[in-house]
Structures are given as C-alpha cells and as structure tokens.
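Inspection log for the structure reproduced underneath, given as structure tokens.
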Amino acid sequence: MKNDKSIKWGIIGLGNIANQFAADLMLLDDANLFAVASRDNDKAIAFAKKYNCSKSYDSYEALFKDDQVDIIYIATPHDSHAELSIKALENGKHVLCEKPLALSYKDAVRMVEASKKNNKFFMEAFWTRFIPSVKEIIEKVDQGIIGDLKYVKADFAFYADEKQGGRLFDKNLGGGALYDIGVYPLFLSYILLGFPKEIFAKSIYHKNGIDLQTSMILQYENAQAILLASIVSESDMKATISGTQGHIELNSPWYIANGYSLSKKDKEETFSLSNLGIGYTHEAIECHNCIRNNQIESKLWSHQNSLDLSKITEEVKTQIGLEF
C-alpha cells in the first residue's frame, strides 16, 4: 500500500536494467512507479502492466511533460544520457541518470549545469555507492581501521557473446568495456583514494574500435590502484583494499557485495550485510531523501564526484584512443 506522500517516478529506456530497477522500486512504500515511456508503444504498455504502472507513453517528450511525475529514471543507452537528462531537468523533473553520466566530460558538465539552473535534483545512478557493504568499508577506511591506504585492486569482467548483439558491441551507443563497466573499478579507486596524479591504460580492441578489455593503473602520491574492465574474459569479481595495518576484501561480485572480510595480523573477520532487493533500492532511497530535503545533489555521490569520475574516465578514453 503506497502512502499519500509517495514520490512519483517515471522511467524511460525500458530494457533489462530498467526492469531490475522497477522491481526494486516496488519494495519501497513511499515510491510510486507512475509512468513509463518507450518509442515502442507496445513495449511501454507491457512494462506498465507488468509493474502496475498508471501511465505509459510512446514518446519520452510526453513523459517529460507529465505534471504528476516527480523524478525520472533514465536507463537509455549511454549516448542519449546527456540530452535526455537536460530535457527532463528543463521540464522541471528531478533526474536519476544511469551511469556513465555521459560519453564526454563536456556533456557531464552541461548536465550538472542544467540541474543547477533549473534547481532540480540530479544524480548519476551509481548504485554501488549506496549499498550497505560499500558504505561500511568506506567508513572503515576513513577511520583508519586498516591503516594508511596503499592499494586497491578491482576487476569488472565477464564474457559477452557478440553474436547475441546488443549495445555492448555497438560503438554508436557508447559500447565497449570502459564506459559500460570500467567506470565501476574507477569509481572504487576514486571514492577511496580520490583523484589520481597519473593514469596509465592499455586496451585490447574490437575491429570496430571499441575496447574489449582495458587495464588501468592509477598512481597516487602514496598509493596505487590496479583495475580491469573486460567483456571478453572472466574474473573472480572481488575487490581488495589494502593498507599498512590490514586489508578488506569485498565479496564477489564486489560492486553489489552482500558482505566483506577484514583481515588484520592473521585475524580475519567476516561481515554480512544484505541488500534490499537486487540493490537499486538504496539509491532510490537516497533520491527520496534528497528531494524531501530540497537538495539538488547527494552528499554521498555529488555532482563533483560524478564530474571527477567523468574526467578520469575521459583520460583513460584518450589514452586508449577510444572515440565515439
């Protein structure tokens, strides 16, 4: 039963991620999936029926103009994030936009500026920042539990079958390993160590120019991060965070970890922290809290955080010669 003060959501881009997000949104009493939009009207109608949604539209513009919608979740392919977010903000909507925010730092700046100009909440949908395990290990690192942080290792890798097609191998949609999944290990390094002094990156390429696998070393004043993104190989999908007095290992898959281990002087403790639903619920809760507090950005994943990550990702893009 939804309460009377529920926040009304709209969703555009009704693919797999939107389905997962919608299912998680159903777990919140104060969230109302009110309207969805797709350029395929049949798809919009089917999605709305599946999640008991009040309205479906056959154009994004129609949803932007629905006065009853409070916030729009944008889950379209990467290449459309910037323009759609800006249009939604200009129509007076709060926006949660899927990562990566944009395919260029310049566009990411435009998106943030639109949020400020229209005084509307805007956040990159970096759900990993809000899951309990990641929030807790960030706090422990900040408290110095493992001493001075020296090393972060994080992979995001899986084998994708090109024969099945899809946006991963579509250069026009911002496909490839870096922008689809490489932003995750870059995020972890950034949120723990900050902006790097130097970045070194090398890739294995597809014949169409996208990166299939990218390895990155981020150099800091007194620390390093070794990161991998791949859509042509498997990995254990664990993340290791090492300091002078111990190390933390996030459970696999680390970006949505349901717990972690903390090792100090041959003593290991394990911690279990379950996620609500798949894990998207936590970022939706953050959106609700910010909107109700009249904030246009999150303190946990701010506009500046997104801009920094966009700049880091763009430097990797430049180094590996990736062009969209």
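So you can find residues: chains in the structure tokens are A, B, ... in the order shown, residues in each start at 1, and ligands are numbered from 1 in order.
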TODO: Could you tell me, as a PyMOL selection string, which residues of segment 13-225 of chain A DSSP assigns to strand (DSSP E) when given the backbone?
DONE: chain A and resi 31-37+55-57+71-74+94-97+122-124+149-157+198-205+211-219+224-225
Can you list, as a PDB file with C-alpha atoms, in the first residue's frame, every protein, DNA or RNA residue that comes within 12 Å of Lys65 of chain A when you count only C-alpha atoms, leaving out same-chain residues fewer than 3 positions away?
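Wrote part09.pdb, looks like this:
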ATOM      1  CA  GLY A  10       8.862   7.896 -14.395  1.00  0.00           C
ATOM      2  CA  ALA A  35       4.640   6.461 -15.724  1.00  0.00           C
ATOM      3  CA  ALA A  37       7.898   5.705 -21.817  1.00  0.00           C
ATOM      4  CA  TYR A  57       3.743   6.837 -23.215  1.00  0.00           C
ATOM      5  CA  SER A  59       7.488   9.185 -26.518  1.00  0.00           C
ATOM      6  CA  TYR A  60       9.957  10.475 -23.945  1.00  0.00           C
ATOM      7  CA  GLU A  61       8.728  14.029 -24.507  1.00  0.00           C
ATOM      8  CA  ALA A  62       5.218  13.104 -23.374  1.00  0.00           C
ATOM      9  CA  GLN A  68       2.389  14.426 -11.920  1.00  0.00           C
ATOM     10  CA  VAL A  69       5.808  12.831 -12.328  1.00  0.00           C
ATOM     11  CA  ASP A  70       8.371  13.935  -9.707  1.00  0.00           C
ATOM     12  CA  ILE A  71      11.538  12.177 -10.826  1.00  0.00           C
ATOM     13  CA  ILE A  72      12.628  10.390 -13.988  1.00  0.00           C
ATOM     14  CA  LYS A  87      15.450  17.909 -21.346  1.00  0.00           C
ATOM     15  CA  ALA A  88      13.954  16.280 -18.245  1.00  0.00           C
ATOM     16  CA  LEU A  89      15.546  18.880 -15.963  1.00  0.00           C
ATOM     17  CA  GLU A  90      14.339  21.697 -18.199  1.00  0.00           C
ATOM     18  CA  ASN A  91      10.828  20.276 -17.870  1.00  0.00           C
ATOM     19  CA  GLY A  92      11.044  20.576 -14.099  1.00  0.00           C
ATOM     20  CA  LYS A  93      11.785  16.929 -13.305  1.00  0.00           C
TER      21      LYS A  93
END
- [ ] Name the closest residue to Gln295 of chain A among the candidates A:Glu315, A:Gly277, A:Asn119, A:Glu198; distances are taken between atoms, counting only C-alpha atoms.
- [x] A:Asn119
Task: Atom pair atom CA of Glu98 of chain A / atom CA of Ile248 of chain A: separation (Å) - done: 27.8 Å
- [ ] Calculate how many Å separate atom CA of Asn52 of chain A from atom CA of Asp24 of chain A, rounding to one decimal.
- [x] 13.5 Å
Task: Shell of 12 Å around Leu218 of chain A, only C-alpha atoms, local chain residues under 3 positions omitted, as a ChimeraX atom specification - done: /A:150-154,185-190,193-201,215,221-228,312-313,315-316
- [ ] Would you kindly return, as a list in words, each protein, DNA or RNA residue with an atom no farther than 12 Å from any atom of segment 28-30 of chain A, considering only C-alpha atoms and excluding same-chain residues fewer than 3 positions away?
- [x] Met1, Lys2, Asn3, Asp4, Lys5, Ser6, Ile7, Lys8, Trp9, Phe21, Ala22, Ala23, Asp24, Leu25, Leu33, Leu276, Gly277, Tyr280, Thr281, His282, Glu283, Ala284, Ile285, Glu286, Cys287, His288, Asn289 and Arg292 of chain A
Could you write out that same residue set with N, CA and C atoms as a PDB file, in the first residue's frame?
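Result file follows (out07.pdb):
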ATOM      1  N   MET A   1       0.850  -1.195   0.000  1.00  0.00           N
ATOM      2  CA  MET A   1       0.000   0.000   0.000  1.00  0.00           C
ATOM      3  C   MET A   1       0.885   1.244   0.000  1.00  0.00           C
ATOM      4  N   LYS A   2       0.781   2.054  -1.063  1.00  0.00           N
ATOM      5  CA  LYS A   2       1.576   3.262  -1.162  1.00  0.00           C
ATOM      6  C   LYS A   2       0.983   4.365  -0.295  1.00  0.00           C
ATOM      7  N   ASN A   3       1.863   5.133   0.376  1.00  0.00           N
ATOM      8  CA  ASN A   3       1.338   6.203   1.204  1.00  0.00           C
ATOM      9  C   ASN A   3       1.014   7.441   0.362  1.00  0.00           C
ATOM     10  N   ASP A   4       0.284   8.365   0.937  1.00  0.00           N
ATOM     11  CA  ASP A   4      -0.197   9.533   0.206  1.00  0.00           C
ATOM     12  C   ASP A   4       0.933  10.470  -0.208  1.00  0.00           C
ATOM     13  N   LYS A   5       2.073  10.386   0.474  1.00  0.00           N
ATOM     14  CA  LYS A   5       3.180  11.289   0.176  1.00  0.00           C
ATOM     15  C   LYS A   5       4.266  10.587  -0.642  1.00  0.00           C
ATOM     16  N   SER A   6       3.866   9.551  -1.355  1.00  0.00           N
ATOM     17  CA  SER A   6       4.834   8.807  -2.150  1.00  0.00           C
ATOM     18  C   SER A   6       5.381   9.673  -3.282  1.00  0.00           C
ATOM     19  N   ILE A   7       6.610   9.393  -3.660  1.00  0.00           N
ATOM     20  CA  ILE A   7       7.257  10.104  -4.763  1.00  0.00           C
ATOM     21  C   ILE A   7       6.961   9.360  -6.057  1.00  0.00           C
ATOM     22  N   LYS A   8       6.478  10.103  -7.044  1.00  0.00           N
ATOM     23  CA  LYS A   8       6.057   9.504  -8.316  1.00  0.00           C
ATOM     24  C   LYS A   8       7.236   9.461  -9.298  1.00  0.00           C
ATOM     25  N   TRP A   9       7.537   8.251  -9.733  1.00  0.00           N
ATOM     26  CA  TRP A   9       8.651   8.009 -10.634  1.00  0.00           C
ATOM     27  C   TRP A   9       8.171   7.807 -12.066  1.00  0.00           C
ATOM     28  N   PHE A  21      15.441  -2.188 -11.858  1.00  0.00           N
ATOM     29  CA  PHE A  21      15.198  -1.004 -11.033  1.00  0.00           C
ATOM     30  C   PHE A  21      13.726  -0.931 -10.632  1.00  0.00           C
ATOM     31  N   ALA A  22      12.832  -1.176 -11.575  1.00  0.00           N
ATOM     32  CA  ALA A  22      11.393  -1.110 -11.299  1.00  0.00           C
ATOM     33  C   ALA A  22      10.993  -2.132 -10.237  1.00  0.00           C
ATOM     34  N   ALA A  23      11.554  -3.334 -10.328  1.00  0.00           N
ATOM     35  CA  ALA A  23      11.247  -4.376  -9.342  1.00  0.00           C
ATOM     36  C   ALA A  23      11.705  -3.947  -7.947  1.00  0.00           C
ATOM     37  N   ASP A  24      12.872  -3.324  -7.860  1.00  0.00           N
ATOM     38  CA  ASP A  24      13.372  -2.846  -6.570  1.00  0.00           C
ATOM     39  C   ASP A  24      12.554  -1.667  -6.048  1.00  0.00           C
ATOM     40  N   LEU A  25      12.089  -0.826  -6.949  1.00  0.00           N
ATOM     41  CA  LEU A  25      11.283   0.332  -6.553  1.00  0.00           C
ATOM     42  C   LEU A  25       9.986  -0.118  -5.886  1.00  0.00           C
ATOM     43  N   LEU A  33       5.796   3.950  -8.947  1.00  0.00           N
ATOM     44  CA  LEU A  33       6.149   3.934 -10.365  1.00  0.00           C
ATOM     45  C   LEU A  33       4.909   4.350 -11.136  1.00  0.00           C
ATOM     46  N   LEU A 276      18.735  -4.589  -0.030  1.00  0.00           N
ATOM     47  CA  LEU A 276      17.303  -4.600  -0.285  1.00  0.00           C
ATOM     48  C   LEU A 276      17.096  -4.889  -1.768  1.00  0.00           C
ATOM     49  N   GLY A 277      16.362  -5.954  -2.072  1.00  0.00           N
ATOM     50  CA  GLY A 277      16.175  -6.325  -3.458  1.00  0.00           C
ATOM     51  C   GLY A 277      17.511  -6.654  -4.092  1.00  0.00           C
ATOM     52  N   TYR A 280      19.274  -1.807  -6.127  1.00  0.00           N
ATOM     53  CA  TYR A 280      18.904  -0.488  -6.650  1.00  0.00           C
ATOM     54  C   TYR A 280      18.062   0.306  -5.645  1.00  0.00           C
ATOM     55  N   THR A 281      17.430  -0.400  -4.754  1.00  0.00           N
ATOM     56  CA  THR A 281      16.567   0.239  -3.756  1.00  0.00           C
ATOM     57  C   THR A 281      17.298   1.327  -2.979  1.00  0.00           C
ATOM     58  N   HIS A 282      18.559   1.080  -2.664  1.00  0.00           N
ATOM     59  CA  HIS A 282      19.314   2.004  -1.813  1.00  0.00           C
ATOM     60  C   HIS A 282      19.533   3.360  -2.482  1.00  0.00           C
ATOM     61  N   GLU A 283      19.792   3.365  -3.803  1.00  0.00           N
ATOM     62  CA  GLU A 283      19.968   4.654  -4.470  1.00  0.00           C
ATOM     63  C   GLU A 283      18.627   5.380  -4.603  1.00  0.00           C
ATOM     64  N   ALA A 284      17.538   4.630  -4.721  1.00  0.00           N
ATOM     65  CA  ALA A 284      16.212   5.250  -4.777  1.00  0.00           C
ATOM     66  C   ALA A 284      15.884   5.927  -3.446  1.00  0.00           C
ATOM     67  N   ILE A 285      16.256   5.283  -2.346  1.00  0.00           N
ATOM     68  CA  ILE A 285      16.049   5.874  -1.017  1.00  0.00           C
ATOM     69  C   ILE A 285      16.823   7.179  -0.901  1.00  0.00           C
ATOM     70  N   GLU A 286      18.064   7.196  -1.421  1.00  0.00           N
ATOM     71  CA  GLU A 286      18.872   8.411  -1.397  1.00  0.00           C
ATOM     72  C   GLU A 286      18.198   9.529  -2.198  1.00  0.00           C
ATOM     73  N   CYS A 287      17.644   9.181  -3.342  1.00  0.00           N
ATOM     74  CA  CYS A 287      16.924  10.172  -4.152  1.00  0.00           C
ATOM     75  C   CYS A 287      15.759  10.765  -3.365  1.00  0.00           C
ATOM     76  N   HIS A 288      14.982   9.907  -2.716  1.00  0.00           N
ATOM     77  CA  HIS A 288      13.837  10.363  -1.924  1.00  0.00           C
ATOM     78  C   HIS A 288      14.274  11.328  -0.817  1.00  0.00           C
ATOM     79  N   ASN A 289      15.328  10.941  -0.113  1.00  0.00           N
ATOM     80  CA  ASN A 289      15.808  11.775   0.991  1.00  0.00           C
ATOM     81  C   ASN A 289      16.264  13.146   0.498  1.00  0.00           C
ATOM     82  N   ARG A 292      13.218  15.310  -0.638  1.00  0.00           N
ATOM     83  CA  ARG A 292      12.431  15.796   0.508  1.00  0.00           C
ATOM     84  C   ARG A 292      13.183  16.858   1.309  1.00  0.00           C
TER      85      ARG A 292
END
Give me, as a PDB file with C-alpha atoms, in the first residue's frame, the residues of segment 133-311 of chain A that a backbone DSSP run labels alpha helix (DSSP H).
ATOM      1  CA  SER A 133      28.766  -3.133   2.303  1.00  0.00           C
ATOM      2  CA  VAL A 134      30.393  -0.382   0.267  1.00  0.00           C
ATOM      3  CA  LYS A 135      29.163   2.372   2.586  1.00  0.00           C
ATOM      4  CA  GLU A 136      30.573   0.485   5.567  1.00  0.00           C
ATOM      5  CA  ILE A 137      34.006  -0.260   4.096  1.00  0.00           C
ATOM      6  CA  ILE A 138      34.388   3.388   3.039  1.00  0.00           C
ATOM      7  CA  GLU A 139      33.688   4.409   6.647  1.00  0.00           C
ATOM      8  CA  LYS A 140      36.216   1.886   7.985  1.00  0.00           C
ATOM      9  CA  VAL A 141      38.908   3.036   5.582  1.00  0.00           C
ATOM     10  CA  ASP A 142      38.226   6.665   6.549  1.00  0.00           C
ATOM     11  CA  ALA A 177      34.296  -2.259 -21.707  1.00  0.00           C
ATOM     12  CA  VAL A 183      33.544   3.034 -14.571  1.00  0.00           C
ATOM     13  CA  TYR A 184      32.907   0.651 -11.645  1.00  0.00           C
ATOM     14  CA  PRO A 185      36.540  -0.097 -10.713  1.00  0.00           C
ATOM     15  CA  LEU A 186      37.412   3.535 -11.482  1.00  0.00           C
ATOM     16  CA  PHE A 187      34.652   4.552  -9.075  1.00  0.00           C
ATOM     17  CA  LEU A 188      36.046   2.361  -6.280  1.00  0.00           C
ATOM     18  CA  SER A 189      39.539   3.750  -6.667  1.00  0.00           C
ATOM     19  CA  TYR A 190      38.225   7.309  -6.770  1.00  0.00           C
ATOM     20  CA  ILE A 191      35.867   7.034  -3.786  1.00  0.00           C
ATOM     21  CA  LEU A 192      38.664   5.552  -1.648  1.00  0.00           C
ATOM     22  CA  LEU A 193      41.762   7.372  -2.893  1.00  0.00           C
ATOM     23  CA  TYR A 280      18.904  -0.488  -6.650  1.00  0.00           C
ATOM     24  CA  THR A 281      16.567   0.239  -3.756  1.00  0.00           C
ATOM     25  CA  HIS A 282      19.314   2.004  -1.813  1.00  0.00           C
ATOM     26  CA  GLU A 283      19.968   4.654  -4.470  1.00  0.00           C
ATOM     27  CA  ALA A 284      16.212   5.250  -4.777  1.00  0.00           C
ATOM     28  CA  ILE A 285      16.049   5.874  -1.017  1.00  0.00           C
ATOM     29  CA  GLU A 286      18.872   8.411  -1.397  1.00  0.00           C
ATOM     30  CA  CYS A 287      16.924  10.172  -4.152  1.00  0.00           C
ATOM     31  CA  HIS A 288      13.837  10.363  -1.924  1.00  0.00           C
ATOM     32  CA  ASN A 289      15.808  11.775   0.991  1.00  0.00           C
ATOM     33  CA  CYS A 290      17.481  14.440  -1.147  1.00  0.00           C
ATOM     34  CA  ILE A 291      14.225  15.505  -2.827  1.00  0.00           C
ATOM     35  CA  ARG A 292      12.431  15.796   0.508  1.00  0.00           C
ATOM     36  CA  HIS A 303      27.776  16.433  -8.774  1.00  0.00           C
ATOM     37  CA  GLN A 304      31.500  16.968  -8.259  1.00  0.00           C
ATOM     38  CA  ASN A 305      32.027  13.254  -7.656  1.00  0.00           C
ATOM     39  CA  SER A 306      30.364  12.483 -10.976  1.00  0.00           C
ATOM     40  CA  LEU A 307      32.360  15.170 -12.766  1.00  0.00           C
ATOM     41  CA  ASP A 308      35.620  13.862 -11.305  1.00  0.00           C
ATOM     42  CA  LEU A 309      34.809  10.306 -12.375  1.00  0.00           C
ATOM     43  CA  SER A 310      33.845  11.553 -15.841  1.00  0.00           C
ATOM     44  CA  LYS A 311      37.182  13.370 -16.141  1.00  0.00           C
TER      45      LYS A 311
END
Task: Straight-line distance linking atom CA of Gln319 of chain A with atom CA of Asp236 of chain A, stated in Å to one decimal - done: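 Interatomic distance here is 26.3 Å.
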TODO: Return the single residue from A:Asn208, A:Ser56, A:Gln143, A:Ser85 that is closest to Phe122 of chain A, with distances computed using only C-alpha atoms.
DONE: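 Closest residue, counting only C-alpha atoms: A:Ser85.
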